[in-house]
Amino acid sequence: QKEMQYTNIDLSLILSLNEEASTNMSYFSGYNGVGILAVTKKDCFFFVPEYEKRKKSNLRKIIVEKKKRLFEKLSEILKNKRFKKIGVEFDTCSVTVFRRIKSVAKGKYVDISGICSKIRAVKEKQEISCIKKACKITDNIYEKICCDFKFKTEDDIREFIEHEARKNNCELSFPPIAASAI
């Protein structure tokens, strides 16, 4: 919201409409699922499908709706509101979704992909602590691989990494890549 004040953006829409969680959705809401985050200069609305309602988010105004109706619910909340400047992540927004958004909220559209990246780049104490913890766990897993190398295939290494991450109550940022050159 501070950045929106600075850039004169009246509404920012963060979308996570695929099964794979949006990085910005996860960062700004603490939620890793399908949903729409609508942020105005003074308020914030979070739209999630009905089946996702039990998942955690650090946002208070959660509006639960059937997945097919997320845009309709967004439209209900935003109707009768005028926005001069609307921010959308052009990097991740398909043309179809963008057309749908334009039918819901009228105004001049600007790309907020860079703004979101800039905000995520500055780490707070808690984030730094989590990064340090992740590095320590990663180092331990790597050390186990190197010290007791009993793997026959690349899949064995990948499965070992996944198993060790789960054992440490960690989620992987991406599927492990285990490759060798002969």
# chains A, B, ... in the order shown; residues from 1 in each chain; ligands from 1
>>> residues_around(residues="Ile119 of chain A", least_positions_apart="5", cutoff="10 Å", atoms="only C-alpha atoms", output="PyMOL selection string")
chain A and resi 3+24+27-28+114
>>> write_last_selection(atoms="all heavy atoms", output="PDB file, in the first residue's frame")
ATOM      1  N   GLU A   3       3.770   1.549  -1.460  1.00  0.00           N
ATOM      2  CA  GLU A   3       4.255   1.666  -2.838  1.00  0.00           C
ATOM      3  C   GLU A   3       3.132   2.156  -3.757  1.00  0.00           C
ATOM      4  O   GLU A   3       3.369   2.922  -4.691  1.00  0.00           O
ATOM      5  CB  GLU A   3       4.804   0.317  -3.312  1.00  0.00           C
ATOM      6  CG  GLU A   3       5.582   0.373  -4.589  1.00  0.00           C
ATOM      7  CD  GLU A   3       6.886   1.155  -4.492  1.00  0.00           C
ATOM      8  OE1 GLU A   3       7.536   1.168  -3.431  1.00  0.00           O
ATOM      9  OE2 GLU A   3       7.268   1.767  -5.515  1.00  0.00           O
ATOM     10  N   ASN A  24       4.141 -14.003  -5.910  1.00  0.00           N
ATOM     11  CA  ASN A  24       3.682 -12.773  -5.273  1.00  0.00           C
ATOM     12  C   ASN A  24       2.477 -13.021  -4.366  1.00  0.00           C
ATOM     13  O   ASN A  24       2.365 -12.424  -3.300  1.00  0.00           O
ATOM     14  CB  ASN A  24       3.380 -11.697  -6.308  1.00  0.00           C
ATOM     15  CG  ASN A  24       4.654 -11.139  -6.905  1.00  0.00           C
ATOM     16  OD1 ASN A  24       5.679 -11.065  -6.250  1.00  0.00           O
ATOM     17  ND2 ASN A  24       4.592 -10.760  -8.171  1.00  0.00           N
ATOM     18  N   TYR A  27       3.907 -14.444  -1.232  1.00  0.00           N
ATOM     19  CA  TYR A  27       4.657 -13.441  -0.473  1.00  0.00           C
ATOM     20  C   TYR A  27       3.730 -12.446   0.234  1.00  0.00           C
ATOM     21  O   TYR A  27       3.885 -12.162   1.419  1.00  0.00           O
ATOM     22  CB  TYR A  27       5.626 -12.679  -1.382  1.00  0.00           C
ATOM     23  CG  TYR A  27       6.454 -11.671  -0.625  1.00  0.00           C
ATOM     24  CD1 TYR A  27       7.602 -12.053   0.044  1.00  0.00           C
ATOM     25  CD2 TYR A  27       6.081 -10.330  -0.567  1.00  0.00           C
ATOM     26  CE1 TYR A  27       8.359 -11.138   0.759  1.00  0.00           C
ATOM     27  CE2 TYR A  27       6.834  -9.408   0.144  1.00  0.00           C
ATOM     28  CZ  TYR A  27       7.970  -9.818   0.803  1.00  0.00           C
ATOM     29  OH  TYR A  27       8.707  -8.914   1.513  1.00  0.00           O
ATOM     30  N   PHE A  28       2.760 -11.910  -0.492  1.00  0.00           N
ATOM     31  CA  PHE A  28       1.922 -10.853   0.066  1.00  0.00           C
ATOM     32  C   PHE A  28       0.797 -11.359   0.961  1.00  0.00           C
ATOM     33  O   PHE A  28       0.284 -10.610   1.785  1.00  0.00           O
ATOM     34  CB  PHE A  28       1.353  -9.967  -1.044  1.00  0.00           C
ATOM     35  CG  PHE A  28       2.395  -9.144  -1.737  1.00  0.00           C
ATOM     36  CD1 PHE A  28       2.683  -9.348  -3.074  1.00  0.00           C
ATOM     37  CD2 PHE A  28       3.097  -8.175  -1.045  1.00  0.00           C
ATOM     38  CE1 PHE A  28       3.656  -8.593  -3.719  1.00  0.00           C
ATOM     39  CE2 PHE A  28       4.080  -7.415  -1.669  1.00  0.00           C
ATOM     40  CZ  PHE A  28       4.358  -7.627  -3.015  1.00  0.00           C
ATOM     41  N   GLY A 114       7.461  -5.467 -11.739  1.00  0.00           N
ATOM     42  CA  GLY A 114       8.724  -4.935 -11.217  1.00  0.00           C
ATOM     43  C   GLY A 114       8.586  -4.406  -9.798  1.00  0.00           C
ATOM     44  O   GLY A 114       9.481  -4.584  -8.966  1.00  0.00           O
TER      45      GLY A 114
END
>>> residues_around(residues="Gly35 of chain A", least_positions_apart="5", cutoff="8 Å", atoms="only C-alpha atoms", output="PyMOL selection string")
chain A and resi 15-17+46-49+70
>>> residues_around(residues="Glu162 of chain A", least_positions_apart="4", cutoff="8 Å", atoms="only C-alpha atoms", output="short mmCIF file (atom, residue, chain, number, x, y, z; two decimals) with N, CA, C and O atoms, in the first residue's frame")
data_model
loop_
_atom_site.label_atom_id
_atom_site.label_comp_id
_atom_site.auth_asym_id
_atom_site.auth_seq_id
_atom_site.Cartn_x
_atom_site.Cartn_y
_atom_site.Cartn_z
N ARG A 158 17.33 -37.56 -6.36
CA ARG A 158 16.15 -36.69 -6.29
C ARG A 158 15.21 -37.15 -5.18
O ARG A 158 14.76 -36.34 -4.35
N ARG A 166 11.24 -33.38 3.43
CA ARG A 166 10.02 -33.69 4.19
C ARG A 166 10.36 -34.01 5.64
O ARG A 166 9.65 -33.59 6.56
N LEU A 172 9.87 -27.81 -0.85
CA LEU A 172 10.88 -27.48 -1.85
C LEU A 172 10.36 -26.35 -2.73
O LEU A 172 9.19 -26.31 -3.08
N PRO A 176 13.67 -31.06 -7.25
CA PRO A 176 15.14 -31.19 -7.32
C PRO A 176 15.59 -31.61 -8.71
O PRO A 176 14.93 -32.42 -9.37
#
>>> closest_residue(among="A:Val104, A:Ser22, A:Lys152, A:Ile9", to="Asp91 of chain A", atoms="only C-alpha atoms")
A:Ser22
>>> atom_distance(atom1="atom CA of Lys125 of chain A", atom2="atom CA of Leu11 of chain A")
28.3 Å
>>> decode(residues="segment 86-124 of chain A", atoms="N, CA and C atoms", output="CSV table (one decimal), in the first residue's frame")
chain,number,residue,atom,x,y,z
A,86,ILE,N,-4.7,1.1,-12.3
A,86,ILE,CA,-4.9,-0.3,-11.8
A,86,ILE,C,-3.6,-1.1,-12.1
A,87,GLY,N,-3.1,-1.7,-11.1
A,87,GLY,CA,-1.8,-2.5,-11.3
A,87,GLY,C,-2.1,-4.0,-11.4
A,88,VAL,N,-1.5,-4.6,-12.4
A,88,VAL,CA,-1.6,-6.0,-12.7
A,88,VAL,C,-0.2,-6.5,-13.0
A,89,GLU,N,0.1,-7.8,-12.6
A,89,GLU,CA,1.3,-8.4,-13.0
A,89,GLU,C,1.3,-8.8,-14.5
A,90,PHE,N,1.8,-8.0,-15.4
A,90,PHE,CA,1.7,-8.4,-16.8
A,90,PHE,C,2.5,-9.7,-17.1
A,91,ASP,N,3.6,-9.9,-16.3
A,91,ASP,CA,4.5,-11.1,-16.5
A,91,ASP,C,3.7,-12.4,-16.4
A,92,THR,N,2.7,-12.4,-15.5
A,92,THR,CA,2.0,-13.7,-15.3
A,92,THR,C,0.5,-13.7,-15.7
A,93,CYS,N,0.1,-12.7,-16.3
A,93,CYS,CA,-1.4,-12.5,-16.6
A,93,CYS,C,-1.6,-12.9,-18.1
A,94,SER,N,-2.4,-13.9,-18.3
A,94,SER,CA,-2.7,-14.2,-19.7
A,94,SER,C,-3.7,-13.2,-20.3
A,95,VAL,N,-3.8,-13.2,-21.6
A,95,VAL,CA,-4.6,-12.2,-22.3
A,95,VAL,C,-6.1,-12.5,-21.9
A,96,THR,N,-6.5,-13.7,-21.8
A,96,THR,CA,-7.9,-14.1,-21.4
A,96,THR,C,-8.2,-13.5,-20.1
A,97,VAL,N,-7.3,-13.7,-19.1
A,97,VAL,CA,-7.5,-13.2,-17.7
A,97,VAL,C,-7.5,-11.7,-17.7
A,98,PHE,N,-6.6,-11.1,-18.5
A,98,PHE,CA,-6.5,-9.6,-18.5
A,98,PHE,C,-7.8,-9.1,-19.1
A,99,ARG,N,-8.4,-9.7,-20.1
A,99,ARG,CA,-9.7,-9.2,-20.6
A,99,ARG,C,-10.8,-9.3,-19.6
A,100,ARG,N,-10.7,-10.4,-18.8
A,100,ARG,CA,-11.7,-10.6,-17.7
A,100,ARG,C,-11.6,-9.5,-16.7
A,101,ILE,N,-10.3,-9.2,-16.3
A,101,ILE,CA,-10.1,-8.2,-15.3
A,101,ILE,C,-10.6,-6.8,-15.8
A,102,LYS,N,-10.3,-6.5,-17.1
A,102,LYS,CA,-10.8,-5.2,-17.6
A,102,LYS,C,-12.3,-5.1,-17.6
A,103,SER,N,-13.0,-6.2,-17.7
A,103,SER,CA,-14.5,-6.1,-17.6
A,103,SER,C,-14.9,-5.9,-16.2
A,104,VAL,N,-14.1,-6.2,-15.2
A,104,VAL,CA,-14.5,-6.0,-13.8
A,104,VAL,C,-14.1,-4.7,-13.3
A,105,ALA,N,-12.9,-4.2,-13.6
A,105,ALA,CA,-12.4,-2.9,-13.1
A,105,ALA,C,-12.0,-2.0,-14.3
A,106,LYS,N,-12.5,-0.8,-14.3
A,106,LYS,CA,-12.2,0.1,-15.4
A,106,LYS,C,-11.1,1.1,-14.9
A,107,GLY,N,-10.2,1.4,-15.8
A,107,GLY,CA,-9.1,2.4,-15.5
A,107,GLY,C,-8.0,2.1,-16.4
A,108,LYS,N,-6.9,2.9,-16.2
A,108,LYS,CA,-5.6,2.7,-16.9
A,108,LYS,C,-4.8,1.6,-16.2
A,109,TYR,N,-4.4,0.6,-17.0
A,109,TYR,CA,-3.7,-0.5,-16.4
A,109,TYR,C,-2.2,-0.3,-16.5
A,110,VAL,N,-1.5,-0.6,-15.5
A,110,VAL,CA,0.0,-0.6,-15.4
A,110,VAL,C,0.5,-1.9,-14.9
A,111,ASP,N,1.8,-2.2,-15.3
A,111,ASP,CA,2.4,-3.4,-14.9
A,111,ASP,C,3.1,-3.2,-13.5
A,112,ILE,N,2.7,-4.1,-12.6
A,112,ILE,CA,3.3,-4.0,-11.2
A,112,ILE,C,4.3,-5.2,-11.0
A,113,SER,N,4.7,-5.9,-12.0
A,113,SER,CA,5.6,-7.0,-11.8
A,113,SER,C,6.9,-6.6,-11.2
A,114,GLY,N,7.5,-5.5,-11.7
A,114,GLY,CA,8.7,-4.9,-11.2
A,114,GLY,C,8.6,-4.4,-9.8
A,115,ILE,N,7.5,-3.8,-9.5
A,115,ILE,CA,7.2,-3.2,-8.2
A,115,ILE,C,7.2,-4.4,-7.2
A,116,CYS,N,6.5,-5.4,-7.5
A,116,CYS,CA,6.4,-6.6,-6.6
A,116,CYS,C,7.7,-7.2,-6.4
A,117,SER,N,8.5,-7.4,-7.4
A,117,SER,CA,9.9,-7.9,-7.3
A,117,SER,C,10.7,-7.0,-6.4
A,118,LYS,N,10.6,-5.7,-6.6
A,118,LYS,CA,11.4,-4.8,-5.8
A,118,LYS,C,11.0,-4.9,-4.3
A,119,ILE,N,9.7,-5.0,-4.0
A,119,ILE,CA,9.3,-5.2,-2.6
A,119,ILE,C,9.8,-6.5,-2.0
A,120,ARG,N,9.7,-7.6,-2.8
A,120,ARG,CA,10.2,-8.9,-2.3
A,120,ARG,C,11.7,-9.0,-2.1
A,121,ALA,N,12.4,-8.1,-2.8
A,121,ALA,CA,13.9,-8.2,-2.8
A,121,ALA,C,14.4,-7.7,-1.4
A,122,VAL,N,13.7,-6.8,-0.8
A,122,VAL,CA,14.2,-6.3,0.5
A,122,VAL,C,13.7,-7.3,1.6
A,123,LYS,N,14.7,-7.9,2.3
A,123,LYS,CA,14.3,-9.0,3.3
A,123,LYS,C,14.3,-8.4,4.7
A,124,GLU,N,13.2,-8.9,5.4
A,124,GLU,CA,13.1,-8.5,6.8
A,124,GLU,C,13.8,-9.5,7.7
